[in-house]
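my_file_28.csv (CSV, C-alpha atoms (C1' of nucleotides))
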chain,number,residue,atom,x,y,z
X,467,MET,CA,-31.8,26.9,-6.6
X,468,LYS,CA,-35.0,28.1,-4.9
X,469,ILE,CA,-34.3,29.7,-1.5
X,470,SER,CA,-37.0,30.0,1.2
X,471,VAL,CA,-38.0,33.3,2.5
X,472,GLU,CA,-37.3,32.2,6.1
X,473,THR,CA,-33.7,31.2,5.2
X,474,LEU,CA,-33.3,34.5,3.4
X,475,MET,CA,-34.5,36.5,6.5
X,476,ASP,CA,-31.9,34.7,8.6
X,477,ILE,CA,-29.1,35.3,6.2
X,478,PHE,CA,-30.0,39.0,6.0
X,479,LYS,CA,-30.1,39.3,9.8
X,480,ASN,CA,-26.7,37.5,10.2
X,481,LYS,CA,-25.2,40.1,7.8
X,482,GLY,CA,-26.8,43.0,9.5
X,483,ILE,CA,-29.1,43.7,6.6
X,484,ARG,CA,-32.7,44.5,7.4
X,485,PRO,CA,-34.9,42.0,5.7
X,486,SER,CA,-37.4,44.4,4.2
X,487,TYR,CA,-40.0,43.1,1.8
X,488,THR,CA,-38.3,44.7,-1.2
X,489,ARG,CA,-34.9,43.3,-0.4
X,490,VAL,CA,-36.2,39.9,0.2
X,491,ARG,CA,-38.0,40.0,-3.2
X,492,ILE,CA,-34.9,41.2,-5.0
X,493,MET,CA,-32.6,38.6,-3.4
X,494,GLU,CA,-35.2,35.9,-4.1
X,495,TYR,CA,-35.3,36.9,-7.7
X,496,LEU,CA,-31.5,37.0,-8.0
X,497,ALA,CA,-31.2,33.6,-6.4
X,498,ALA,CA,-33.8,32.0,-8.6
X,499,ASN,CA,-32.7,33.7,-11.9
X,500,ARG,CA,-29.1,32.9,-12.6
X,501,SER,CA,-29.0,34.9,-15.8
X,502,HIS,CA,-26.7,37.5,-14.2
X,503,PRO,CA,-29.1,40.3,-14.6
X,504,THR,CA,-28.4,44.0,-14.7
X,505,ALA,CA,-30.0,46.4,-12.2
X,506,ASP,CA,-32.3,47.5,-15.0
X,507,GLU,CA,-33.3,43.9,-15.7
X,508,ILE,CA,-34.0,43.2,-12.1
X,509,TYR,CA,-36.1,46.3,-11.9
X,510,GLY,CA,-38.0,45.4,-15.1
X,511,SER,CA,-38.7,41.9,-13.9
X,512,LEU,CA,-40.0,42.9,-10.5
X,513,VAL,CA,-41.8,46.2,-11.1
X,514,GLY,CA,-44.9,44.3,-12.4
X,515,GLU,CA,-45.3,42.6,-9.0
X,516,ILE,CA,-43.9,45.5,-6.9
X,517,PRO,CA,-45.4,48.5,-8.6
X,518,THR,CA,-43.8,51.0,-6.2
X,519,LEU,CA,-40.3,49.7,-6.8
X,520,SER,CA,-37.8,52.2,-7.9
X,521,LYS,CA,-34.6,51.7,-9.7
X,522,THR,CA,-32.7,53.5,-7.0
X,523,THR,CA,-33.9,50.9,-4.6
X,524,VAL,CA,-32.5,48.1,-6.8
X,525,TYR,CA,-29.1,49.8,-6.8
X,526,ASN,CA,-29.2,50.5,-3.1
X,527,SER,CA,-30.2,46.9,-2.4
X,528,MET,CA,-27.6,45.4,-4.7
X,529,ASN,CA,-24.8,47.5,-3.2
X,530,ALA,CA,-25.8,46.3,0.3
X,531,PHE,CA,-25.8,42.7,-0.9
X,532,VAL,CA,-22.4,43.0,-2.5
X,533,GLU,CA,-20.9,44.7,0.5
X,534,ALA,CA,-22.3,42.0,2.7
X,535,GLY,CA,-20.8,39.3,0.5
X,536,LEU,CA,-24.2,37.9,-0.6
X,537,ALA,CA,-23.8,38.8,-4.3
X,538,ARG,CA,-20.9,39.6,-6.6
X,539,VAL,CA,-20.5,42.2,-9.4
X,540,ILE,CA,-19.7,41.0,-12.9
X,541,THR,CA,-18.0,43.6,-15.1
X,542,ILE,CA,-17.3,41.4,-18.0
X,543,GLU,CA,-18.8,43.9,-20.4
X,544,ASP,CA,-17.8,47.5,-20.4
X,545,ASN,CA,-21.2,49.2,-20.5
X,546,GLU,CA,-23.2,47.2,-18.0
X,547,VAL,CA,-22.8,45.9,-14.5
X,548,ARG,CA,-24.3,42.5,-13.8
X,549,TYR,CA,-25.0,40.7,-10.6
X,550,ASP,CA,-24.6,37.1,-9.5
X,551,ALA,CA,-26.0,35.6,-6.3
X,552,ASP,CA,-23.6,32.6,-6.7
X,553,ILE,CA,-20.6,33.7,-4.7
X,554,SER,CA,-18.8,30.4,-5.1
X,555,ASP,CA,-15.6,30.1,-7.0
X,556,HIS,CA,-16.4,30.1,-10.7
X,557,GLY,CA,-15.7,31.8,-14.0
X,558,HIS,CA,-17.9,33.7,-16.4
X,559,PHE,CA,-18.2,33.2,-20.1
X,560,LYS,CA,-20.0,35.8,-22.3
X,561,CYS,CA,-21.1,34.8,-25.8
X,562,THR,CA,-20.5,37.8,-27.9
X,563,ARG,CA,-23.2,36.6,-30.4
X,564,CYS,CA,-26.2,36.1,-28.1
X,565,GLY,CA,-25.0,38.0,-25.1
X,566,ARG,CA,-25.7,35.2,-22.7
X,567,ILE,CA,-23.4,34.7,-19.7
X,568,TYR,CA,-22.5,31.2,-18.7
X,569,ASP,CA,-20.9,30.0,-15.5
X,570,PHE,CA,-18.1,27.6,-15.7
X,571,PRO,CA,-16.1,25.8,-13.0
X,572,VAL,CA,-12.5,27.0,-12.7
X,573,ASP,CA,-10.0,26.7,-9.9
X,574,VAL,CA,-9.3,30.3,-9.5
X,575,GLU,CA,-7.6,29.7,-6.1
X,576,ALA,CA,-5.1,27.5,-8.0
X,577,LEU,CA,-3.9,30.6,-9.8
X,578,GLN,CA,-1.2,31.7,-7.4
X,579,PRO,CA,0.9,34.0,-9.6
X,580,ASN,CA,4.4,34.5,-8.2
X,581,GLY,CA,4.3,38.0,-9.5
X,582,LEU,CA,1.9,38.9,-6.6
X,583,SER,CA,4.0,38.0,-3.6
X,584,GLY,CA,3.5,40.8,-1.0
X,585,PHE,CA,0.0,41.6,-2.4
X,586,LYS,CA,-3.1,40.9,-0.4
X,587,VAL,CA,-5.6,39.4,-2.9
X,588,SER,CA,-9.2,39.6,-1.8
X,589,GLN,CA,-11.1,39.1,-5.0
X,590,ARG,CA,-10.5,37.0,-8.1
X,591,ASP,CA,-12.5,37.2,-11.4
X,592,VAL,CA,-12.0,35.1,-14.5
X,593,TYR,CA,-13.9,36.4,-17.6
X,594,PHE,CA,-13.9,34.6,-20.9
X,595,LYS,CA,-15.5,35.7,-24.1
X,596,GLY,CA,-16.3,34.0,-27.4
X,597,THR,CA,-19.1,32.0,-29.0
X,598,CYS,CA,-21.4,29.5,-27.2
X,599,PRO,CA,-22.2,26.1,-28.8
X,600,GLY,CA,-25.8,27.2,-29.7
X,601,CYS,CA,-24.6,30.2,-31.6
X,602,LEU,CA,-21.8,28.2,-33.2
X,603,ASP,CA,-24.5,25.8,-34.7
X,604,ASN,CA,-26.9,28.3,-36.2
X,605,LYS,CA,-24.6,30.8,-37.9
Y,243,MET,CA,8.9,49.9,-23.9
Y,244,LYS,CA,9.5,52.8,-26.3
Y,245,ILE,CA,8.2,52.1,-29.8
Y,246,SER,CA,9.5,53.9,-32.9
Y,247,VAL,CA,7.1,55.9,-35.0
Y,248,GLU,CA,8.3,54.0,-38.1
Y,249,THR,CA,7.5,50.6,-36.5
Y,250,LEU,CA,4.1,52.0,-35.5
Y,251,MET,CA,3.3,53.1,-39.0
Y,252,ASP,CA,4.1,49.7,-40.3
Y,253,ILE,CA,2.0,48.0,-37.6
Y,254,PHE,CA,-0.9,50.2,-38.5
Y,255,LYS,CA,-0.6,49.6,-42.2
Y,256,ASN,CA,-0.5,45.9,-41.6
Y,257,LYS,CA,-3.7,46.1,-39.7
Y,258,GLY,CA,-5.4,48.3,-42.2
Y,259,ILE,CA,-5.4,51.3,-39.9
Y,260,ARG,CA,-4.5,54.6,-41.4
Y,261,PRO,CA,-1.5,56.0,-39.6
Y,262,SER,CA,-2.8,59.4,-39.0
Y,263,TYR,CA,-0.8,61.8,-36.8
Y,264,THR,CA,-3.3,61.6,-34.0
Y,265,ARG,CA,-3.5,57.8,-34.0
Y,266,VAL,CA,0.2,57.5,-33.9
Y,267,ARG,CA,0.5,59.9,-31.0
Y,268,ILE,CA,-2.2,58.0,-29.1
Y,269,MET,CA,-0.7,54.6,-29.7
Y,270,GLU,CA,2.8,56.0,-28.8
Y,271,TYR,CA,1.4,57.3,-25.5
Y,272,LEU,CA,-0.3,54.0,-24.7
Y,273,ALA,CA,2.8,52.0,-25.5
Y,274,ALA,CA,5.0,54.2,-23.4
Y,275,ASN,CA,2.6,54.6,-20.4
Y,276,ARG,CA,1.7,51.3,-19.0
Y,277,SER,CA,-0.6,52.8,-16.4
Y,278,HIS,CA,-3.7,51.3,-18.1
Y,279,PRO,CA,-5.2,54.8,-18.7
Y,280,THR,CA,-8.9,55.6,-19.3
Y,281,ALA,CA,-10.0,57.4,-22.5
Y,282,ASP,CA,-10.3,60.5,-20.3
Y,283,GLU,CA,-6.7,60.2,-19.0
Y,284,ILE,CA,-5.4,59.7,-22.5
Y,285,TYR,CA,-7.2,62.8,-23.7
Y,286,GLY,CA,-6.0,64.8,-20.7
Y,287,SER,CA,-2.4,63.7,-21.2
Y,288,LEU,CA,-2.3,64.5,-24.9
Y,289,VAL,CA,-4.5,67.6,-25.4
Y,290,GLY,CA,-1.7,69.8,-24.2
Y,291,GLU,CA,0.5,68.7,-27.1
Y,292,ILE,CA,-2.4,68.2,-29.5
Y,293,PRO,CA,-4.7,71.1,-28.8
Y,294,THR,CA,-7.2,70.1,-31.4
Y,295,LEU,CA,-7.6,66.6,-30.0
Y,296,SER,CA,-11.2,65.7,-29.1
Y,297,LYS,CA,-12.4,63.0,-26.8
Y,298,THR,CA,-14.4,61.4,-29.5
Y,299,THR,CA,-11.2,60.8,-31.4
Y,300,VAL,CA,-9.7,59.1,-28.5
Y,301,TYR,CA,-12.7,56.8,-28.3
Y,302,ASN,CA,-12.7,56.2,-32.1
Y,303,SER,CA,-9.0,55.5,-32.1
Y,304,MET,CA,-9.1,53.2,-29.2
Y,305,ASN,CA,-12.0,51.2,-30.7
Y,306,ALA,CA,-10.0,50.9,-33.9
Y,307,PHE,CA,-6.9,49.6,-32.0
Y,308,VAL,CA,-8.9,47.2,-29.9
Y,309,GLU,CA,-10.7,45.8,-33.0
Y,310,ALA,CA,-7.4,45.4,-34.8
Y,311,GLY,CA,-5.9,43.6,-31.8
Y,312,LEU,CA,-3.4,46.3,-31.0
Y,313,ALA,CA,-4.8,47.0,-27.6
Y,314,ARG,CA,-7.1,45.4,-25.1
Y,315,VAL,CA,-9.9,46.7,-22.9
Y,316,ILE,CA,-9.7,46.3,-19.2
Y,317,THR,CA,-13.1,46.3,-17.4
Y,318,ILE,CA,-11.8,45.5,-13.9
Y,319,GLU,CA,-13.7,48.4,-12.4
Y,320,ASP,CA,-17.4,48.9,-13.0
Y,321,ASN,CA,-17.3,52.6,-13.7
Y,322,GLU,CA,-14.3,53.0,-16.0
Y,323,VAL,CA,-12.9,51.4,-19.1
Y,324,ARG,CA,-9.2,51.2,-19.3
Y,325,TYR,CA,-6.8,50.3,-22.1
Y,326,ASP,CA,-3.7,48.3,-22.3
Y,327,ALA,CA,-1.2,48.2,-25.2
Y,328,ASP,CA,0.3,45.0,-23.9
Y,329,ILE,CA,-1.7,42.3,-25.5
Y,330,SER,CA,0.4,39.4,-24.2
Y,331,ASP,CA,-1.0,36.9,-21.8
Y,332,HIS,CA,-1.2,38.4,-18.3
Y,333,GLY,CA,-3.5,39.3,-15.5
Y,334,HIS,CA,-4.5,42.5,-13.9
Y,335,PHE,CA,-4.5,43.4,-10.2
Y,336,LYS,CA,-6.2,46.5,-9.0
Y,337,CYS,CA,-5.3,47.9,-5.6
Y,338,THR,CA,-8.6,49.1,-4.0
Y,339,ARG,CA,-6.6,51.5,-1.8
Y,340,CYS,CA,-4.5,53.5,-4.3
Y,341,GLY,CA,-6.3,52.5,-7.4
Y,342,ARG,CA,-3.2,51.5,-9.3
Y,343,ILE,CA,-3.4,48.6,-11.7
Y,344,TYR,CA,-0.6,46.1,-11.8
Y,345,ASP,CA,0.2,43.5,-14.4
Y,346,PHE,CA,1.1,40.0,-13.3
Y,347,PRO,CA,2.1,37.0,-15.2
Y,348,VAL,CA,-0.5,34.2,-15.2
Y,349,ASP,CA,-0.8,31.2,-17.5
Y,350,VAL,CA,-4.4,32.0,-18.6
Y,351,GLU,CA,-4.1,29.5,-21.4
Y,352,ALA,CA,-3.5,26.8,-18.8
Y,353,LEU,CA,-7.0,27.4,-17.6
Y,354,GLN,CA,-8.8,24.9,-19.8
Y,355,PRO,CA,-12.1,24.5,-17.9
Y,356,ASN,CA,-13.9,21.3,-18.9
Y,357,GLY,CA,-17.2,23.1,-18.5
Y,358,LEU,CA,-16.5,24.9,-21.7
Y,359,SER,CA,-16.2,22.1,-24.2
Y,360,GLY,CA,-18.1,23.1,-27.3
Y,361,PHE,CA,-17.4,26.8,-26.6
Y,362,LYS,CA,-15.1,28.9,-28.8
Y,363,VAL,CA,-13.1,31.0,-26.4
Y,364,SER,CA,-11.5,34.0,-28.1
Y,365,GLN,CA,-10.6,36.2,-25.1
Y,366,ARG,CA,-9.5,35.5,-21.5
Y,367,ASP,CA,-9.3,38.0,-18.7
Y,368,VAL,CA,-8.1,37.5,-15.2
Y,369,TYR,CA,-8.8,40.3,-12.7
Y,370,PHE,CA,-7.7,40.3,-9.1
Y,371,LYS,CA,-8.4,42.9,-6.5
Y,372,GLY,CA,-6.9,43.7,-3.1
Y,373,THR,CA,-4.2,45.7,-1.6
Y,374,CYS,CA,-0.7,46.3,-3.0
Y,375,PRO,CA,2.5,46.0,-0.9
Y,376,GLY,CA,3.0,49.8,-0.8
Y,377,CYS,CA,-0.5,50.4,0.6
Y,378,LEU,CA,-0.2,47.5,3.0
Y,379,ASP,CA,2.9,49.2,4.5
Y,380,ASN,CA,1.6,52.7,5.2
Y,381,LYS,CA,-1.8,52.1,6.6
J,445,DT,C1',-51.4,48.2,20.9
J,446,DA,C1',-49.7,52.9,20.2
J,447,DA,C1',-45.8,56.1,19.9
J,448,DT,C1',-41.3,56.8,18.6
J,449,DA,C1',-36.9,56.4,16.3
J,450,DA,C1',-34.1,54.4,12.8
J,451,DA,C1',-33.5,52.8,8.4
J,452,DA,C1',-35.3,51.9,3.7
J,453,DA,C1',-37.8,53.2,-0.4
J,454,DT,C1',-39.1,56.6,-3.6
J,455,DG,C1',-38.7,60.0,-7.3
J,456,DT,C1',-36.5,63.7,-9.2
J,457,DA,C1',-32.4,65.8,-10.5
J,458,DA,C1',-27.6,65.6,-11.3
J,459,DT,C1',-23.4,63.4,-13.0
J,460,DA,C1',-20.5,61.3,-16.2
J,461,DA,C1',-19.0,57.9,-19.8
J,462,DA,C1',-19.8,56.8,-24.3
J,463,DT,C1',-22.1,57.2,-28.8
J,464,DA,C1',-24.5,59.5,-32.9
J,465,DC,C1',-24.0,62.5,-36.3
J,466,DA,C1',-23.1,66.3,-39.4
J,467,DA,C1',-19.5,69.4,-40.8
J,468,DT,C1',-14.7,70.1,-41.4
J,469,DA,C1',-10.0,68.6,-42.1
J,470,DT,C1',-6.6,65.4,-43.5
J,471,DA,C1',-4.6,61.6,-46.0
J,472,DA,C1',-4.2,58.5,-50.0
J,473,DT,C1',-4.9,57.9,-54.9
J,474,DA,C1',-5.2,59.0,-59.7
H,772,DT,C1',-2.9,68.9,-58.4
H,773,DA,C1',-7.7,67.2,-58.1
H,774,DT,C1',-10.5,63.8,-56.3
H,775,DT,C1',-12.1,60.5,-53.2
H,776,DA,C1',-12.1,58.2,-49.0
H,777,DT,C1',-11.3,58.3,-44.4
H,778,DA,C1',-10.3,60.7,-39.9
H,779,DT,C1',-11.2,64.4,-36.7
H,780,DT,C1',-14.0,67.5,-34.4
H,781,DG,C1',-17.7,69.5,-31.6
H,782,DT,C1',-22.2,69.4,-30.2
H,783,DA,C1',-26.1,66.9,-28.9
H,784,DT,C1',-27.9,62.7,-27.2
H,785,DT,C1',-28.2,58.5,-24.8
H,786,DT,C1',-27.8,55.8,-20.8
H,787,DA,C1',-26.1,53.9,-16.3
H,788,DT,C1',-25.4,55.4,-11.9
H,789,DT,C1',-25.4,58.4,-7.9
H,790,DA,C1',-27.1,62.3,-4.8
H,791,DC,C1',-30.5,63.8,-2.0
H,792,DA,C1',-34.8,65.3,0.1
H,793,DT,C1',-39.2,63.3,1.2
H,794,DT,C1',-42.2,59.7,2.3
H,795,DT,C1',-42.9,55.2,3.9
H,796,DT,C1',-41.8,51.1,6.3
H,797,DT,C1',-39.7,48.6,9.9
H,798,DA,C1',-38.0,47.9,14.6
H,799,DT,C1',-38.2,49.4,19.3
H,800,DT,C1',-40.1,51.1,23.4
H,801,DA,C1',-43.8,52.6,26.4
Could you render the structure from this file as structure tokens?
Amino acid sequence: MKISVETLMDIFKNKGIRPSYTRVRIMEYLAANRSHPTADEIYGSLVGEIPTLSKTTVYNSMNAFVEAGLARVITIEDNEVRYDADISDHGHFKCTRCGRIYDFPVDVEALQPNGLSGFKVSQRDVYFKGTCPGCLDNK
Amino acid sequence: MKISVETLMDIFKNKGIRPSYTRVRIMEYLAANRSHPTADEIYGSLVGEIPTLSKTTVYNSMNAFVEAGLARVITIEDNEVRYDADISDHGHFKCTRCGRIYDFPVDVEALQPNGLSGFKVSQRDVYFKGTCPGCLDNK
DNA sequence: TAATAAAAATGTAATAAATACAATATAATA
DNA sequence: TATTATATTGTATTTATTACATTTTTATTA
């Protein structure tokens, strides 16, 4: 999904986020690349085009996006935080062989555990792990 | 659930894990304290009774347990890895107010996403976040 | 358009979790 | 008991993330 810069500026303004050049570029990248990148990967992918980019800015921007509900954090792996611009209801599968993370549709809302009556649930994450079809083929 | 040392020794042997004193104590602690502790918390709770304990040993032991299927890793929060001796099918809820992690029953196996045909799924985690009843009361 | 104020970006330093690794200690085996 | 294999320890290292002061950019006002 390619998102236009104009739309992005409007989205940012609606959320009270200043649409600075850097932020627009980071969000653009995240919306176009659905590989669930880490902050380090975002930095590495953009620093070629934005030579003054700093890693702290990537962290700052991502925190702002997450807080505004424009992106979500994926903590499927214990040593790396990943980001996803797709905030719709879906699960994440990580292939432990190739490391790729796949989205999959899952009705998380349908999970209404009776053990949580009286709890206010505001975020739901479903993480699966295993081996993806490609890695199952070429062992 | 209090587990006897004898049972623990047998479980370890069956899994090919040497039942060293330290490992037994760590596993005992994890089985008795269902607070989903971090490696640091395990260390802090046991170093008083086992003065020679090192944090590296906690990490080593926990890795061995997880690999043997005796414990599971909880990555519900992005800055801390927690451990759970309860490997039965259940979800985890983290209260963002008090930080406590609650278990809740959820039929994770029932989640059979059709988007994952051809994938070999070996691990399923369901993480919810929000506010627990206690924190909802005293705001 | 120029001046000003507010917020963002930058870079360095600090923090903290986890791992690597060599030396020592413990457990299992002969 | 002696030997071998494995576990533990402690220090050093790595790496992700945050803190913070400075500089730059953006938005606002004159």
(message) Just to confirm, what's the straight-line distance from atom C1' of DA471 of chain J to atom CA of Leu288 of chain Y in Å (one decimal)?
(response)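 Atom-to-atom, atom C1' of DA471 of chain J and atom CA of Leu288 of chain Y are spaced 21.4 Å apart.
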(request) For the point (-24.0, 58.9, -6.6) in the file's frame, write as a PyMOL selection string all residues with an atom no more than 9 Å away, counting only C-alpha atoms (C1' of nucleotides). (result) (chain J and resi 458-459) or (chain H and resi 788-790)
(request) Would you give me, as a ChimeraX atom specification, the residues of chain X that come within 12 Å of chain Y, using all atoms listed in the file? (result) /X:538-549,556-563,568-603
(message) Tell me as a PyMOL selection string which residues belonging to chain J come within 12 Å of chain Y, counting all atoms listed in the file.
(response) chain J and resi 460-465+469-472
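Among the candidates H:DT779, H:DT785, H:DT794, H:DT772, the residue lying nearest to chain Y is H:DT779 (atoms considered: only C-alpha atoms (C1' of nucleotides)).
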